[in-house]
Amino acid sequence: MKDNGKIFERGSALSIFSSDRIEDFIALILALVIAFFVYITY
Amino acid sequence: MVYTKKSSALLIIGLILLAIWYLATTNILSPYIEHLGGTEYKYLAEITSLPLYFGIFSIVFGAWQWFGKQKEGSCDYYLSTLAGGMFILLITMLVRWFLAPEIAVISKSMGKIGATGKYLHDILGLNYVVLGILVGIIIVNFFKVPNWAQNGVRLSRLGLKTGVILLGTLYSAAELKNLGGLSIIMIGVFVLGSVGLVLWLGRRMRIPNSMGGVLSAGMGVCGVSATVAAAPVVQAKSVEIAYTIGTILLWGVACMFVFPIVGHLLNLSHLQFGAWAGTGILNSAQVAGAALAYQPDGIETLKVAEIFNITRVLILPIIVLWLAVWYVKREGNSSTQVNAGKVIFEKFPIFVLGFILLFGLSTTGIFSPANHYKGKYFGNTTATGFNKEDLLTLDEISLLKSELIKVQRQDRKQAFQKLLEHGKVASIDDDDTLRGLVNAKVLSKPANDILKKTHKAVRHTAKKIKVFRSWITWLFAFGLVGLGMQITVSAMRQAGGQPAIIGGIVGLIKAGFSLIVVILLISETI
Amino acid sequence: MVKATQNILLASHGTIGAQAAEQKVFEMCASNAHITHLLVVPEFWKDMLGDDWLNNSVTRIQFENYLETELGQEVDQHIDRVHSRLEKLGICSTHKIVFGNPDKCLVNTCGLSEFDLIVMGSPRPKGTAGLRSRMTTKFTARQLTIPLLAVPHPNA
């Protein structure tokens, strides 16, 4: 019995990333980018 | 599979944003802004800049999504999320700039509510965060998330995590130490208390071990997340999972509305409310929601609540491990072996390390001048920030003098007298003490306003910190609106059976007791 | 009536109310009848991750796999139970498992074959615990073109 409701072949139902380790890592990169942006512009 | 949907949606979102920007910059919107509060309308700077950037961005990518040719691959996959991401952002913007102010105008027109001296929307915490989550819930339940947005809605967790990591920049070492200590004690006591209570009630009501296990994790640690983590470990039956998650979702959404109301009625300080929400609310996503509902524009409450949230996240693997051991012991015949190292490693949330990293970076002082925390502006020369106009006027001093008797605590009395003497706050310690006095709300409102002014005169928030704050509130708002789109009524309706009864009892006791503890033990500042 | 009802659609996912419906089918169907057992896995299961945002995907996938296996087992057990009863009575039966909105799935299934009668349980009486996903709704009543037999709930 398989869940027919799946729409995505990639990632999970809740995240576009295949692993949350990656999601956490991307979040960190994003945060650093924002921090860097704030650091140089203000 | 090509993920990009051939849809004009993103293009239209871009056009809407550009229209908002155009109407705002050309002052066509002025009468409306006047209606929303005129000079008190806080978002004018935002609506004359943000929609332009995001509008152009959306139009470019929207045109590409609609007319361009997409090939299967990572480029298509990641870019296809833009439509959904912008969808959430557009909702957040519309709610923040127009819906929430409109509701505030309506609520103000109804006058203050009875003895509370507050407006209805303040008491109900109907600000843009709560309304945004509500709009998200309404969209998913009544209209369904449109196809073109589905992929992008999955970005909400990324936004929330980025927000938590960035939040790391806003703590001083002392704050983190004090809040961390407080949260470990509070969370520790209440997690163990509620897990124990559920297991005890469960035994009395003769529920199966698997149900007791999954319910105690959900009630004790962080709601849905803990239930998801614990269900396979204690081999919960499907009905037990449905009951438990339904109960927790229902409680979570209810708490998000009820907590701020109670907080406003009891006049809790930011620290008290953050600690209470961080302990008493079962589901962790709603902790952030309630904190932002209580204080949408400042970030003090969120700072407190998130530390509590992080403590809960860190406790989660331990509880899962404990339940695994408990279940294996009880059921005996279970074939699962408990591997402590593996459980801890698998469940450890890496984004917490990111939070710590950014906290480390900020303690080096690169984001704010070192004197931001030291209080450069207490000096007596112009070079150190002294400004004659900031001194208290004679009228203000006499008003404050008349309220001196209301101040009971000795340290506050001293700081207060020193303030009257010098006409300004003399030291960082005094400043902290007087802020505590303001938060305690023992003085009249005009007196408190004067005290707030004296605080502003000596303490300036570094520009960078201000920018971080607004980034963080936007990220949290974005994430929470997106999460709102994942709460379905059909899931909440599954609340029922014994989990609903036990959950109701334990949830109420937890919320009530943590409120009492917070009021009794926590003073106003940390 | 009994003789004419050759091709019966039994909608049941094993609740007490549905078991009453099963019992009724066992009693009433002719020996040459054909029973189609429809079992709907309600779609709310796909929302059961709710707004969890703390877990990493290892945990979520574990949960999803666990839930799928668990639901699968429960479905299999239930199908086996109905099937073996019917086998003992010498009645042929097939089953159909679908995932989705229960009432819509029922209406869809009706269109797939020429059924003479649909049999299912009634909504449980107020105060009885159970999952909330019903088939007997106004929607079903309006859409069905086949007679429907709603067997009273045993606790009613």
# chains A, B, ... in the order shown; residues from 1 in each chain; ligands from 1
$ interface_residues --of "chain B" --to "chain C" --cutoff "6 Å" --atoms "only C-alpha atoms" --output "PDB file with N, CA and C atoms, in the first residue's frame"
ATOM      1  N   ARG B 157      10.127  25.854   6.177  1.00  0.00           N
ATOM      2  CA  ARG B 157      11.024  25.413   7.245  1.00  0.00           C
ATOM      3  C   ARG B 157      12.414  26.016   7.106  1.00  0.00           C
ATOM      4  N   VAL B 224       4.106  17.992  17.850  1.00  0.00           N
ATOM      5  CA  VAL B 224       4.056  17.139  16.672  1.00  0.00           C
ATOM      6  C   VAL B 224       5.430  16.551  16.371  1.00  0.00           C
ATOM      7  N   SER B 225       6.469  17.382  16.472  1.00  0.00           N
ATOM      8  CA  SER B 225       7.811  16.905  16.162  1.00  0.00           C
ATOM      9  C   SER B 225       8.186  15.712  17.035  1.00  0.00           C
ATOM     10  N   VAL B 228       6.189  12.596  16.062  1.00  0.00           N
ATOM     11  CA  VAL B 228       6.754  12.006  14.846  1.00  0.00           C
ATOM     12  C   VAL B 228       8.016  11.210  15.177  1.00  0.00           C
ATOM     13  N   ALA B 229       8.831  11.768  16.072  1.00  0.00           N
ATOM     14  CA  ALA B 229      10.079  11.081  16.414  1.00  0.00           C
ATOM     15  C   ALA B 229       9.828   9.837  17.257  1.00  0.00           C
ATOM     16  N   PRO B 232       7.524   5.669  15.828  1.00  0.00           N
ATOM     17  CA  PRO B 232       8.098   4.389  15.429  1.00  0.00           C
ATOM     18  C   PRO B 232       8.790   3.690  16.587  1.00  0.00           C
ATOM     19  N   LEU B 483       4.064  27.478   7.431  1.00  0.00           N
ATOM     20  CA  LEU B 483       3.678  26.340   8.283  1.00  0.00           C
ATOM     21  C   LEU B 483       2.170  26.322   8.488  1.00  0.00           C
ATOM     22  N   GLN B 486       0.224  24.265   6.333  1.00  0.00           N
ATOM     23  CA  GLN B 486       0.332  22.813   6.471  1.00  0.00           C
ATOM     24  C   GLN B 486      -0.478  22.272   7.640  1.00  0.00           C
ATOM     25  N   ILE B 487      -1.274  23.154   8.237  1.00  0.00           N
ATOM     26  CA  ILE B 487      -2.159  22.685   9.317  1.00  0.00           C
ATOM     27  C   ILE B 487      -3.552  22.488   8.729  1.00  0.00           C
ATOM     28  N   SER B 490      -8.708  18.698   8.743  1.00  0.00           N
ATOM     29  CA  SER B 490      -8.980  17.256   8.811  1.00  0.00           C
ATOM     30  C   SER B 490      -8.003  16.561   9.752  1.00  0.00           C
ATOM     31  N   ALA B 491      -6.765  17.073   9.846  1.00  0.00           N
ATOM     32  CA  ALA B 491      -5.823  16.490  10.808  1.00  0.00           C
ATOM     33  C   ALA B 491      -6.212  16.879  12.226  1.00  0.00           C
ATOM     34  N   GLN B 494      -8.969  14.981  14.048  1.00  0.00           N
ATOM     35  CA  GLN B 494      -8.733  13.635  14.562  1.00  0.00           C
ATOM     36  C   GLN B 494      -8.491  13.638  16.069  1.00  0.00           C
ATOM     37  N   GLY B 497     -10.613  10.518  21.476  1.00  0.00           N
ATOM     38  CA  GLY B 497     -10.257   9.357  22.277  1.00  0.00           C
ATOM     39  C   GLY B 497      -9.600   9.751  23.590  1.00  0.00           C
TER      40      GLY B 497
END
$ residues_around --residues "B:Asp390" --least-positions-apart "6" --cutoff "8 Å" --atoms "only C-alpha atoms" --output "PyMOL selection string"
chain B and resi 424+454+457
$ write_last_selection --atoms "N, CA and C atoms" --output "short mmCIF file (atom, residue, chain, number, x, y, z; two decimals), in the first residue's frame"
data_model
loop_
_atom_site.label_atom_id
_atom_site.label_comp_id
_atom_site.auth_asym_id
_atom_site.auth_seq_id
_atom_site.Cartn_x
_atom_site.Cartn_y
_atom_site.Cartn_z
N LYS B 424 19.07 62.13 34.16
CA LYS B 424 19.29 61.09 33.14
C LYS B 424 19.78 59.82 33.81
N THR B 454 13.93 58.14 28.82
CA THR B 454 15.27 58.23 29.41
C THR B 454 16.11 57.01 29.00
N ALA B 457 17.38 57.63 25.54
CA ALA B 457 18.39 58.67 25.48
C ALA B 457 19.79 58.11 25.73
#
$ residues_around --residues "B:Ser109" --least-positions-apart "3" --cutoff "12 Å" --atoms "only C-alpha atoms" --output "VMD selection string"
chain B and resid 35 to 37 102 to 106 112 to 113 119 to 121
$ write_last_selection --atoms "C-alpha atoms" --output "mmCIF file, in the first residue's frame"
data_model
loop_
_atom_site.group_PDB
_atom_site.id
_atom_site.type_symbol
_atom_site.label_atom_id
_atom_site.label_comp_id
_atom_site.auth_asym_id
_atom_site.auth_seq_id
_atom_site.Cartn_x
_atom_site.Cartn_y
_atom_site.Cartn_z
ATOM 1 C CA HIS B 35 -7.002 55.907 6.942
ATOM 2 C CA LEU B 36 -4.620 53.261 8.287
ATOM 3 C CA GLY B 37 -3.091 55.658 10.765
ATOM 4 C CA GLU B 102 -6.955 47.706 8.947
ATOM 5 C CA ILE B 103 -8.000 45.431 11.788
ATOM 6 C CA ALA B 104 -6.226 47.730 14.225
ATOM 7 C CA VAL B 105 -8.211 50.685 12.845
ATOM 8 C CA ILE B 106 -11.499 48.817 13.215
ATOM 9 C CA LYS B 112 -10.904 50.400 24.712
ATOM 10 C CA ILE B 113 -12.247 47.299 26.351
ATOM 11 C CA TYR B 119 -7.851 47.803 22.480
ATOM 12 C CA LEU B 120 -9.436 44.563 21.346
ATOM 13 C CA HIS B 121 -6.776 43.748 18.741
#
$ select_by_dssp --residues "stretch 7-126 of chain C" --states "helix (DSSP H, G or I)" --output "PyMOL selection string"
chain C and resi 16-28+43-47+57-88+102-112
$ closest_atom_pairs --of "chain B" --to "chain A" --cutoff "7 Å" --atoms "only C-alpha atoms" --output "tab-separated table"
residue	atom	partner	partner_atom	distance
B:Arg154	CA	A:Ser15	CA	4.7
B:Leu155	CA	A:Ser15	CA	6.4
B:Leu158	CA	A:Ala27	CA	5.8
B:Lys161	CA	A:Ala27	CA	6.0
B:Thr162	CA	A:Ala27	CA	4.6
B:Ile165	CA	A:Ala31	CA	6.4
B:Leu166	CA	A:Ala31	CA	5.6
B:Ile350	CA	A:Asp24	CA	5.9
B:Phe351	CA	A:Asp24	CA	5.0
B:Gly354	CA	A:Leu28	CA	5.6
B:Phe367	CA	A:Tyr39	CA	6.2
B:Lys463	CA	A:Tyr42	CA	6.8
B:Lys464	CA	A:Tyr42	CA	5.8
$ closest_residue --among "C:Ile16, C:Val75, C:Ile35, C:Val25" --to "chain A" --atoms "only C-alpha atoms"
C:Val75
$ closest_residue --among "C:Ser93, C:Asn108, C:Ser84, C:Asn101" --to "C:Val40" --atoms "only C-alpha atoms"
C:Asn101
$ closest_residue --among "C:Ala21, C:Cys29, C:Leu86, C:Ile97" --to "chain A" --atoms "only C-alpha atoms"
C:Ile97
